[in-house]
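Okay, input06.txt now, which holds compact mmCIF, C-alpha atoms and all ligand atoms:
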```txt
# COMPACT_ATOMS: atom_id res chain seq x y z
CA MET S 1 19.90 -6.55 -21.11
CA LYS S 2 20.58 -3.05 -19.82
CA SER S 3 17.40 -1.75 -18.17
CA LEU S 4 16.53 1.56 -16.59
CA VAL S 5 13.75 1.68 -14.00
CA ILE S 6 12.39 5.15 -13.25
CA GLY S 7 11.01 5.73 -9.73
CA ALA S 8 11.92 3.95 -6.48
CA GLY S 9 8.40 3.54 -5.11
CA VAL S 10 7.03 0.07 -4.55
CA ALA S 11 6.34 -0.39 -8.29
CA GLY S 12 9.90 0.56 -9.27
CA LEU S 13 11.64 -1.41 -6.51
CA VAL S 14 9.66 -4.57 -7.17
CA SER S 15 10.03 -4.22 -10.96
CA ALA S 16 13.78 -3.64 -10.61
CA LEU S 17 14.06 -6.76 -8.46
CA ALA S 18 12.02 -8.83 -10.93
CA LEU S 19 14.40 -7.72 -13.70
CA ALA S 20 17.53 -8.36 -11.60
CA GLU S 21 16.24 -11.79 -10.56
CA ARG S 22 15.95 -12.65 -14.25
CA GLY S 23 19.54 -11.56 -14.88
CA ALA S 24 19.04 -8.06 -16.32
CA LYS S 25 21.53 -5.30 -15.62
CA VAL S 26 19.44 -2.76 -13.71
CA THR S 27 19.78 0.93 -12.99
CA LEU S 28 17.04 2.31 -10.72
CA VAL S 29 16.79 6.08 -10.75
CA GLU S 30 14.86 8.10 -8.18
CA ARG S 31 14.19 11.82 -8.31
CA ALA S 32 14.14 12.24 -4.51
CA GLU S 33 17.37 12.33 -2.53
CA GLU S 34 16.49 9.11 -0.69
CA LEU S 35 13.82 6.41 -0.49
CA GLY S 36 10.40 7.77 0.35
CA GLY S 37 9.74 10.22 -2.46
CA GLY S 38 6.23 9.03 -3.23
CA ALA S 39 2.98 7.45 -2.08
CA SER S 40 4.53 4.09 -1.19
CA TRP S 41 6.28 5.57 1.85
CA LEU S 42 2.91 6.47 3.41
CA ALA S 43 1.08 3.22 2.74
CA GLY S 44 -0.50 1.07 5.39
CA GLY S 45 1.22 -1.97 3.94
CA MET S 46 -1.91 -4.07 4.26
CA LEU S 47 -1.75 -7.31 2.29
CA ALA S 48 -5.47 -7.79 2.42
CA PRO S 49 -6.89 -9.16 -0.83
CA PHE S 50 -10.14 -10.41 0.72
CA CYS S 51 -10.99 -7.16 2.51
CA GLU S 52 -10.14 -5.16 -0.60
CA GLY S 53 -12.75 -7.28 -2.41
CA GLU S 54 -15.37 -5.15 -0.66
CA SER S 55 -14.77 -2.41 -3.21
CA ALA S 56 -12.30 -3.88 -5.73
CA PRO S 57 -13.06 -6.22 -8.65
CA ALA S 58 -12.47 -9.98 -8.36
CA SER S 59 -9.30 -9.65 -10.47
CA VAL S 60 -7.64 -7.55 -7.74
CA VAL S 61 -8.53 -10.17 -5.12
CA ALA S 62 -7.16 -12.98 -7.32
CA MET S 63 -3.93 -11.16 -8.23
CA GLY S 64 -3.32 -10.11 -4.64
CA MET S 65 -3.50 -13.66 -3.26
CA GLY S 66 0.18 -14.40 -3.81
CA ALA S 67 1.41 -11.11 -2.34
CA ILE S 68 1.89 -12.25 1.26
CA ASP S 69 4.10 -15.18 0.25
CA TRP S 70 6.05 -12.98 -2.16
CA TRP S 71 6.83 -10.38 0.50
CA ASP S 72 7.40 -12.91 3.26
CA ALA S 73 10.07 -14.60 1.16
CA ARG S 74 11.92 -11.32 0.58
CA VAL S 75 11.56 -8.81 3.40
CA PRO S 76 11.61 -9.00 7.20
CA GLY S 77 8.64 -8.33 9.45
CA VAL S 78 5.70 -9.58 7.37
CA VAL S 79 2.93 -10.20 9.90
CA ARG S 80 0.58 -13.05 8.96
CA GLU S 81 -1.99 -12.68 11.71
CA GLY S 82 -4.99 -11.79 9.56
CA THR S 83 -7.30 -8.76 9.67
CA LEU S 84 -10.00 -8.03 12.23
CA VAL S 85 -12.98 -6.01 10.98
CA VAL S 86 -15.13 -4.33 13.62
CA ALA S 87 -17.96 -1.76 13.67
CA PRO S 88 -19.35 0.62 16.28
CA PRO S 89 -22.24 -0.94 18.27
CA ARG S 90 -24.88 1.18 16.51
CA ASP S 91 -23.53 0.27 13.05
CA LEU S 92 -23.47 -3.52 13.22
CA ALA S 93 -25.29 -3.71 9.90
CA GLU S 94 -21.98 -2.58 8.38
CA ILE S 95 -20.49 -5.94 9.39
CA ASP S 96 -23.22 -7.81 7.50
CA ARG S 97 -22.78 -5.59 4.47
CA PHE S 98 -18.99 -6.10 4.48
CA ALA S 99 -19.42 -9.88 4.96
CA ALA S 100 -21.79 -10.09 2.00
CA ARG S 101 -19.29 -8.36 -0.27
CA THR S 102 -16.18 -10.32 0.72
CA LYS S 103 -14.83 -13.86 1.04
CA GLY S 104 -12.23 -15.47 3.29
CA HIS S 105 -13.75 -14.43 6.62
CA GLU S 106 -15.26 -16.06 9.67
CA PRO S 107 -17.62 -14.44 12.17
CA ALA S 108 -16.07 -13.36 15.47
CA ASP S 109 -18.20 -12.76 18.56
CA GLU S 110 -17.17 -10.73 21.60
CA ALA S 111 -15.18 -13.64 23.10
CA ARG S 112 -13.30 -14.26 19.86
CA VAL S 113 -12.49 -10.56 19.51
CA ALA S 114 -11.11 -10.61 23.06
CA ALA S 115 -9.04 -13.72 22.30
CA LEU S 116 -7.63 -12.20 19.11
CA GLU S 117 -7.03 -8.69 20.46
CA PRO S 118 -7.21 -8.62 24.28
CA ASP S 119 -7.09 -4.81 24.33
CA LEU S 120 -10.37 -4.71 22.39
CA ALA S 121 -12.12 -7.01 24.91
CA GLY S 122 -15.66 -5.88 25.69
CA ARG S 123 -15.66 -3.22 23.00
CA PHE S 124 -17.12 -5.06 19.97
CA ARG S 125 -19.93 -7.62 19.96
CA LYS S 126 -19.68 -8.65 16.35
CA ALA S 127 -16.70 -8.74 14.00
CA LEU S 128 -15.19 -10.54 11.04
CA PHE S 129 -11.83 -12.26 11.07
CA PHE S 130 -9.90 -12.66 7.80
CA ALA S 131 -7.26 -15.22 8.83
CA GLY S 132 -5.45 -15.36 5.48
CA GLU S 133 -4.36 -11.73 5.40
CA GLY S 134 -1.35 -9.82 6.73
CA HIS S 135 0.64 -6.63 6.66
CA LEU S 136 4.14 -5.23 6.50
CA ASP S 137 5.85 -1.95 7.27
CA PRO S 138 6.37 -0.31 3.84
CA ARG S 139 9.47 1.57 5.01
CA VAL S 140 11.14 -1.60 6.29
CA ALA S 141 10.12 -3.46 3.14
CA MET S 142 11.36 -0.78 0.75
CA ARG S 143 14.73 -0.54 2.48
CA ALA S 144 15.03 -4.34 2.33
CA LEU S 145 14.29 -4.38 -1.39
CA ALA S 146 16.87 -1.64 -1.97
CA ALA S 147 19.46 -3.71 -0.07
CA GLN S 148 18.66 -6.76 -2.20
CA LEU S 149 19.02 -4.77 -5.38
CA HIS S 150 22.40 -3.60 -4.16
CA GLU S 151 23.44 -7.19 -3.41
CA ARG S 152 22.40 -8.21 -6.91
CA GLY S 153 24.62 -5.55 -8.41
CA ALA S 154 21.89 -3.13 -9.44
CA GLU S 155 22.85 0.53 -9.54
CA MET S 156 20.62 2.95 -7.59
CA LEU S 157 20.80 6.64 -8.33
CA PHE S 158 19.05 9.19 -6.10
CA GLY S 159 18.44 12.87 -6.72
CA GLU S 160 18.34 12.26 -10.47
CA ASP S 161 15.58 12.70 -13.07
CA GLY S 162 15.07 9.37 -14.83
CA GLU S 163 14.29 11.14 -18.09
CA ARG S 164 17.88 12.30 -18.35
CA LEU S 165 19.13 8.69 -18.55
CA ALA S 166 16.32 7.16 -20.58
CA GLY S 167 18.25 7.27 -23.85
CA GLN S 168 21.08 5.09 -22.54
CA ALA S 169 19.12 1.90 -21.72
CA SER S 170 17.88 -0.86 -24.02
CA VAL S 171 14.62 -1.01 -22.04
CA VAL S 172 13.01 1.68 -19.88
CA VAL S 173 10.49 0.61 -17.23
CA ASP S 174 8.67 3.73 -16.08
CA CYS S 175 7.32 3.46 -12.51
CA ARG S 176 7.07 7.09 -11.54
CA GLY S 177 3.60 6.89 -10.03
CA PHE S 178 1.39 9.96 -10.29
CA ALA S 179 4.29 12.00 -11.75
CA ALA S 180 3.61 10.13 -15.03
CA ARG S 181 0.29 12.00 -15.42
CA PRO S 182 1.61 14.18 -18.33
CA LEU S 183 2.61 10.97 -20.19
CA LEU S 184 -0.43 8.90 -19.20
CA PRO S 185 -3.47 11.18 -19.52
CA ASP S 186 -5.83 8.48 -18.16
CA LEU S 187 -4.09 8.60 -14.81
CA ARG S 188 -5.80 10.47 -11.97
CA GLY S 189 -4.76 11.21 -8.41
CA VAL S 190 -6.54 9.93 -5.30
CA ARG S 191 -5.29 11.79 -2.28
CA GLY S 192 -4.49 9.71 0.80
CA GLU S 193 -3.77 11.08 4.26
CA MET S 194 -2.29 9.11 7.14
CA ILE S 195 -1.27 9.65 10.75
CA ARG S 196 1.45 7.81 12.65
CA VAL S 197 1.09 7.67 16.42
CA ARG S 198 2.80 5.98 19.35
CA THR S 199 1.19 4.68 22.51
CA ARG S 200 2.18 1.99 25.02
CA GLU S 201 -1.38 1.84 26.39
CA VAL S 202 -2.86 -0.26 23.63
CA ALA S 203 -1.36 -3.22 21.82
CA LEU S 204 -2.72 -4.74 18.61
CA THR S 205 -1.32 -7.76 16.79
CA ARG S 206 -3.00 -7.33 13.45
CA THR S 207 -4.60 -4.72 11.22
CA VAL S 208 -7.98 -3.63 12.56
CA ARG S 209 -10.50 -2.13 10.13
CA PHE S 210 -13.18 0.00 11.71
CA LEU S 211 -16.34 0.13 9.60
CA HIS S 212 -17.65 3.52 10.45
CA PRO S 213 -20.29 4.49 7.83
CA ARG S 214 -18.79 7.97 7.39
CA ILE S 215 -15.16 7.44 8.35
CA PRO S 216 -13.97 3.94 7.47
CA LEU S 217 -10.55 3.63 9.02
CA TYR S 218 -7.84 1.11 9.59
CA ILE S 219 -5.05 0.89 12.12
CA VAL S 220 -1.92 -1.05 11.29
CA PRO S 221 0.42 -1.87 14.18
CA ARG S 222 4.11 -1.18 13.67
CA ALA S 223 7.11 -1.97 15.87
CA ASP S 224 7.85 -0.09 19.13
CA GLY S 225 4.31 0.90 20.03
CA GLU S 226 3.70 2.74 16.76
CA PHE S 227 0.49 2.60 14.73
CA MET S 228 -0.35 3.84 11.26
CA ILE S 229 -3.86 5.28 11.09
CA GLY S 230 -5.26 5.57 7.60
CA ALA S 231 -6.38 6.60 5.28
CA THR S 232 -8.53 9.12 3.50
CA MET S 233 -9.61 8.58 -0.11
CA ILE S 234 -10.19 11.93 -1.77
CA GLU S 235 -10.61 12.47 -5.51
CA SER S 236 -7.86 15.06 -5.76
CA ALA S 237 -4.24 15.32 -6.90
CA ASP S 238 -3.41 17.73 -4.09
CA LYS S 239 -0.31 16.62 -2.14
CA GLY S 240 -0.70 19.39 0.43
CA ALA S 241 -0.56 18.88 4.20
CA VAL S 242 -3.23 16.84 6.01
CA SER S 243 -6.38 18.92 6.53
CA ALA S 244 -7.71 19.62 10.02
CA ARG S 245 -10.94 17.86 9.09
CA SER S 246 -9.16 14.67 8.01
CA ALA S 247 -6.99 14.73 11.12
CA ILE S 248 -10.06 15.16 13.34
CA GLU S 249 -11.92 12.35 11.58
CA MET S 250 -9.03 9.88 11.61
CA LEU S 251 -8.09 10.58 15.22
CA SER S 252 -11.74 10.48 16.35
CA ALA S 253 -12.21 7.12 14.69
CA ALA S 254 -9.02 5.82 16.37
CA TYR S 255 -10.33 7.15 19.70
CA ALA S 256 -13.63 5.37 19.10
CA LEU S 257 -11.75 2.13 18.42
CA HIS S 258 -9.89 2.50 21.72
CA PRO S 259 -9.82 5.56 24.02
CA ALA S 260 -6.09 5.04 24.70
CA PHE S 261 -5.47 6.49 21.22
CA GLY S 262 -6.59 9.79 22.70
CA GLU S 263 -3.36 9.94 24.70
CA ALA S 264 -1.08 8.75 21.89
CA GLU S 265 1.84 10.87 20.69
CA VAL S 266 1.30 12.07 17.13
CA LEU S 267 4.56 11.33 15.28
CA GLU S 268 3.62 12.20 11.71
CA MET S 269 0.76 13.40 9.54
CA SER S 270 1.40 13.05 5.81
CA ALA S 271 -0.43 13.07 2.52
CA ASP S 272 0.35 11.91 -1.02
CA VAL S 273 -1.44 10.94 -4.19
CA ARG S 274 -2.27 7.40 -5.25
CA PRO S 275 -1.98 6.93 -9.01
CA ALA S 276 -5.19 5.43 -10.43
CA TYR S 277 -6.70 4.60 -13.82
CA PRO S 278 -10.46 4.99 -14.37
CA ASP S 279 -11.13 1.33 -13.47
CA ASN S 280 -8.79 1.54 -10.41
CA GLU S 281 -6.78 -1.42 -11.75
CA PRO S 282 -3.03 -1.24 -12.44
CA ARG S 283 -1.63 -1.60 -15.95
CA VAL S 284 1.59 -2.71 -17.59
CA GLU S 285 1.65 -0.88 -20.91
CA ASP S 286 4.16 -0.93 -23.73
CA ARG S 287 3.79 2.53 -25.25
CA ASP S 288 5.91 5.36 -26.58
CA GLY S 289 9.04 3.18 -26.52
CA ARG S 290 8.91 2.21 -22.86
CA ILE S 291 7.07 -0.02 -20.43
CA PHE S 292 4.82 1.81 -17.97
CA VAL S 293 3.91 0.09 -14.71
CA ASN S 294 1.39 2.31 -12.99
CA GLY S 295 -2.13 2.82 -11.63
CA PHE S 296 -1.68 0.94 -8.34
CA TYR S 297 -4.37 3.01 -6.64
CA ARG S 298 -4.75 1.59 -3.12
CA HIS S 299 -3.00 -1.67 -3.96
CA GLY S 300 0.69 -0.92 -4.47
CA PHE S 301 2.02 -3.49 -2.02
CA LEU S 302 -0.76 -5.95 -2.76
CA LEU S 303 -0.35 -6.00 -6.54
CA ALA S 304 3.20 -4.85 -7.38
CA PRO S 305 4.63 -8.41 -7.30
CA ALA S 306 2.16 -9.71 -9.89
CA PHE S 307 2.53 -6.70 -12.18
CA ALA S 308 6.32 -6.46 -11.88
CA ASP S 309 6.54 -10.02 -13.05
CA ARG S 310 4.54 -9.12 -16.16
CA ALA S 311 6.67 -6.03 -16.72
CA ALA S 312 9.91 -8.01 -16.48
CA ALA S 313 8.65 -10.64 -18.92
CA LEU S 314 7.62 -7.88 -21.34
CA ALA S 315 11.00 -6.14 -20.95
CA PHE S 316 12.85 -9.32 -21.93
CA GLU S 317 10.48 -9.86 -24.88
CA ARG S 318 11.07 -6.31 -25.99
CA ALA S 319 14.86 -6.52 -25.58
CA GLY S 320 14.80 -9.76 -27.60
CA ALA S 321 12.79 -8.16 -30.34
CA PHE S 322 15.25 -5.27 -30.64
CA ALA S 323 18.44 -7.35 -30.12
C1 LIG A 401 -2.14 6.87 2.81
C2 LIG A 401 -1.98 5.69 1.86
C3 LIG A 401 -2.20 4.39 2.31
C4 LIG A 401 -2.03 3.29 1.46
N1 LIG A 401 -2.17 2.02 1.96
C5 LIG A 401 -1.90 0.93 1.16
C6 LIG A 401 -1.94 -0.40 1.68
O1 LIG A 401 -2.22 -0.61 2.87
N2 LIG A 401 -1.65 -1.46 0.84
C7 LIG A 401 -1.31 -1.26 -0.46
O2 LIG A 401 -1.06 -2.24 -1.17
N3 LIG A 401 -1.27 0.01 -0.99
C8 LIG A 401 -1.56 1.11 -0.21
N4 LIG A 401 -1.52 2.38 -0.71
C9 LIG A 401 -1.34 2.55 -2.15
C10 LIG A 401 0.08 2.51 -2.54
O3 LIG A 401 0.83 3.31 -1.66
C11 LIG A 401 0.24 3.03 -3.98
O4 LIG A 401 -0.53 2.24 -4.82
C12 LIG A 401 1.70 2.89 -4.38
O5 LIG A 401 2.50 3.58 -3.46
C13 LIG A 401 2.01 3.42 -5.75
O6 LIG A 401 3.36 3.09 -5.95
P1 LIG A 401 4.21 3.68 -7.13
O7 LIG A 401 5.56 3.06 -7.00
O8 LIG A 401 3.46 3.53 -8.41
O9 LIG A 401 4.28 5.25 -6.85
P2 LIG A 401 5.14 6.09 -5.78
O10 LIG A 401 5.27 5.39 -4.50
O11 LIG A 401 4.55 7.45 -5.77
O12 LIG A 401 6.59 6.12 -6.40
C14 LIG A 401 6.95 6.85 -7.56
C15 LIG A 401 8.38 7.29 -7.38
O13 LIG A 401 8.84 7.84 -8.62
C16 LIG A 401 9.64 8.97 -8.32
N5 LIG A 401 9.71 9.83 -9.52
C17 LIG A 401 8.73 10.62 -10.04
N6 LIG A 401 9.17 11.22 -11.17
C18 LIG A 401 10.45 10.81 -11.37
C19 LIG A 401 11.42 11.07 -12.36
N7 LIG A 401 11.20 11.90 -13.40
N8 LIG A 401 12.65 10.47 -12.25
C20 LIG A 401 12.92 9.64 -11.20
N9 LIG A 401 12.02 9.34 -10.24
C21 LIG A 401 10.79 9.91 -10.32
C22 LIG A 401 8.95 9.61 -7.13
O14 LIG A 401 9.84 10.46 -6.42
C23 LIG A 401 8.54 8.37 -6.32
O15 LIG A 401 9.52 7.98 -5.39
C24 LIG A 401 -1.67 3.50 0.12
C25 LIG A 401 -1.44 4.81 -0.34
C26 LIG A 401 -1.58 5.89 0.51
C27 LIG A 401 -1.30 7.29 0.01
```
Mind turning the file's structure into C-alpha cells?
Ligand SMILES: Cc1cc2nc3c(=O)[nH]c(=O)nc-3n(C[C@H](O)[C@H](O)[C@H](O)COP(=O)(O)OP(=O)(O)OC[C@H]3O[C@@H](n4cnc5c(N)ncnc54)[C@H](O)[C@@H]3O)c2cc1C
Amino acid sequence: MKSLVIGAGVAGLVSALALAERGAKVTLVERAEELGGGASWLAGGMLAPFCEGESAPASVVAMGMGAIDWWDARVPGVVREGTLVVAPPRDLAEIDRFAARTKGHEPADEARVAALEPDLAGRFRKALFFAGEGHLDPRVAMRALAAQLHERGAEMLFGEDGERLAGQASVVVDCRGFAARPLLPDLRGVRGEMIRVRTREVALTRTVRFLHPRIPLYIVPRADGEFMIGATMIESADKGAVSARSAIEMLSAAYALHPAFGEAEVLEMSADVRPAYPDNEPRVEDRDGRIFVNGFYRHGFLLAPAFADRAAALAFERAGAFA
C-alpha cells in the first residue's frame, strides 16, 4: 500500500510509523523546512493520563494508559518517575479538589516531597504523587521517530505542501493539526504558550504541577539544566508571540515554586495552537477520500499512539476495499 501522511507533528510521525510497522510504503510530507513546524514541538511531553483526568473524560485516561510503554519502547529519554502535584500553602484545598477528581495518586507529606524532590524540601506541606506517570522531551522523541521512519525506508519530504502530492497515493492520512481547520470546520484552536529556561540552581527529577487557582502551571525537567514551563490554555487560534501577561504569570508561578527560577536564563518563549474538537477528544475520521487524524488538544503525545493504530488499521481496510 502506498500511503501519504501529511504533517510531521506527533500525529503524523506516529501515524507514519504505525503504517510502516504494518508494512505500508510511506511518504511523510511536511510543509516546514524541518521538524518543528507545529504545536508538537512546543509540548511539555507529559505522559500523565491520571493527572489529565482532572479535566479530561475517562476515555482519555483509559486511552493514555499505554502511552508510556509505547514511547519507552521506541524513543530514548522517557522518564518514568511519576508526577508530583503541589499547591501554594494558602491554596491547599486545591490538592483535595485535584485528588477527588483523579485516580492513581498517593498523598505526600512534607517529608515525602523532600525525599522525592530534595530541592523542594520545606516548601510544600501537602502534595500528591502519581507514581505511574512520566514524561519525554518532544524534540528528542520526534527526531527519534523520524530516524526510525528513515530506517524503515519511509520517504520524508520537507518544505512541501502535502496537498500537492495527495493525488499520487492510494491512501492519504491527513495529520496537519490546526492547519486542517478549512477542511474540518469543527476544529478550533486553543493557544498554548511555553517558556524554556536553564538554571543549575534547582534540580527536579520529574514533572511538577503547581496548582495555583489562577495560574495552574507545570514544569518539566529536560537535560542539561533546562526546564519547560507551561502552559497557557487560551481559546484563540492566534499563533502570535507570547504575551507579556502570560510570560509574567508563568515566570511568577515558576518563581513561587522555587525562587531559583528567578535567576534562570530564559532560552525560549513560544506559542502555537492546539487543534481541538468541541469535546476535546481526538478523532480518526474517514471523510472526503482521506483519513483525518486530528483534534489532539492537550494530549498529542499521550494519545497519538492509540489513535495512530486506529488510523493505520483503517488505512489498510480502505486500501483493501479499493484494491
Ligand atoms: C504549549 C503546549 C504544551 C503541550 N503539552 C503537551 C503535553 O505535555 N503532553 C501532550 O500529550 N500534549 C501536549 N500538548 C498538545 C500537543 O502538542 C498537541 O496535541 C499536538 O502537538 C498536536 O499534534 P499534531 O501532529 O496534530 O499537530 P502539529 O504538531 O501542529 O503538527 C501538524 C504539522 O502539519 C504541518 N502541516 C500543516 N499543513 C500542512 C500541509 N498542507 N502540508 C504539509 N504539512 C503541513 C505543520 O507544519 C505541522 O508540522 C501541548 C501543546 C502546547 C501548544
Item to complete: Excluding Arg198 in chain S and residues on its chain fewer than 3 positions from it, collect all residues at most 12 Å away from it, counting only C-alpha atoms, and give them as a ChimeraX atom specification.
Response: /S:195,201-203,219-229,260-268
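Residue nearest Val29 in chain S, chosen from S:Ala271, S:Leu257, S:Val172, S:Met250 and counting all atoms listed in the file: S:Val172.
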Point to revise | Nearby polymer residues, ligand LIG 401 (chain A), at most 7 Å, all atoms listed in the file, as a PyMOL selection string | key: chain S and resi 6-12+29-32+35-47+160-163+175-180+191-194+230-232+271-275+294-303
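Here CA of Glu34 in chain S is placed at a distance of 7.4 Å from CA of Gly159 in chain S.
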Using all atoms listed in the file, the residue out of S:Ala108, S:Met269, S:Leu4, S:Ala16 with shortest distance to Ala312 in chain S is S:Ala16
Work out how far CA of Trp71 in chain S is from CA of Glu106 in chain S, in Å to one decimal.
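These two atoms are separated by 24.6 Å.
You can rank S:Lys2, S:Arg164, S:His135, S:Arg290 by their closest distance to Leu314 in chain S using only C-alpha atoms, and at the top of that list sits S:Arg290.
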